[in-house]
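The next block holds one structure in the form of structure tokens; read it before the comments.
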Amino acid sequence: MKYLFIIKDLEKTGFDIFNESLNMKKWFFKNDRNTVKFKLKIDDEVLVYKAGKDGGYILGKFKILGTLSENKQCNDLFFEQFNFFVQISDGVLFEKRLFLRKYANQLEFVKNKNNFGSSLISGAKKISENDFNFIMKTMEEI
């Protein structure tokens with residue numbers, strides 16, 4: 001399966017959250033209504049989207065390497081607020097910025113083409129193989 005995880009600046013910037021998660025080889029989740037975290041499987045591929053101020057673009061990607069675990073011991077004050085994590089691969093931080101809004105009409109997961117942001121509210125969403133491949137191909141072309 002392919003997924004799009006949406007992050008924004010919190011107490012840390014989205015960029016820092018992504019980089020520190022890659023360094024720890026863990027992606028963290030809160031115990032909220034989004035159920036995507038319970039559906040993740042080993043080898044699922046994830047694109048990370050930076051939302052909010054100074055965002056709107058794909059930050060990078062990684063693969064899921066483990067199953068959902070409780071976040072019981074974390075040595076980082078920021079990440080300890082999250083209830084769960086999954087082990088992730090060495091990820092890739094993209095050097096180029098692909099601003100997704102520009103491609104809303106080509107993306108299947110964007111149901112309301114006039115309100116692009118409404119497609120990104122959930123924090124994590126499953127995307128089609130077509131969308132994943134389109135994004136990766138477009139990244140190579142910019």
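Chain labels run A, B, ... following the order of the structure tokens; each chain numbers its residues from 1, and ligands are numbered from 1 in the order shown.
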Q.
I need the helix (DSSP H, G or I) residues of stretch 8-69 of chain A per DSSP on the backbone, written as an MDAnalysis selection string.
A. chainID A and resid 14:24 36:38
Q | Long-range neighbours of A:Val86 as a VMD selection string, 12 Å cut-off, only C-alpha atoms, 3 positions minimum in chain | A | chain A and resid 21 to 22 24 to 30 37 to 44 46 62 to 71 82 to 83 89
Q) Which polymer residues have any atom within 12 Å of an atom of A:Met139, counting only C-alpha atoms, with same-chain residues fewer than 2 positions away left out, as a ChimeraX atom specification? A) /A:47,57-61,93-100,103,132-137,141-142
Q. Near A:Thr35, counting only C-alpha atoms, which residues have an atom at most 10 Å away, once you skip same-chain residues fewer than 5 positions from it, shown as a VMD selection string?
A. chain A and resid 40 122 124 to 125
Q: Report the distance between atom CA of A:Gly123 and atom CA of A:Glu140 in Å, rounded to one decimal place.
A: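 Answer for the atom CA of A:Gly123 to atom CA of A:Glu140 separation: 25.1 Å.
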(Q) I'd like to know which of A:Leu77, A:Phe85, A:Ser119, A:Val36 is closest to A:Met1, using only C-alpha atoms. (A) A:Val36
Q) So which bits of chain A end up strand (DSSP E) when you DSSP the backbone, as a VMD selection string? A) chain A and resid 2 to 7 26 to 29 45 to 50 57 to 63 69 to 70 84 to 87 92 to 93 124 to 127
Q: Might you pull out every residue within 12 Å of A:Lys113, with only C-alpha atoms counted and same-chain residues fewer than 5 positions away left off, and present them as number ranges by chain?
A: A: 100-108, 118-119
Q) Which polymer residues have any atom within 10 Å of an atom of A:Thr13, counting only C-alpha atoms, with same-chain residues fewer than 6 positions away left out, as a PyMOL selection string? A) chain A and resi 7+19+50
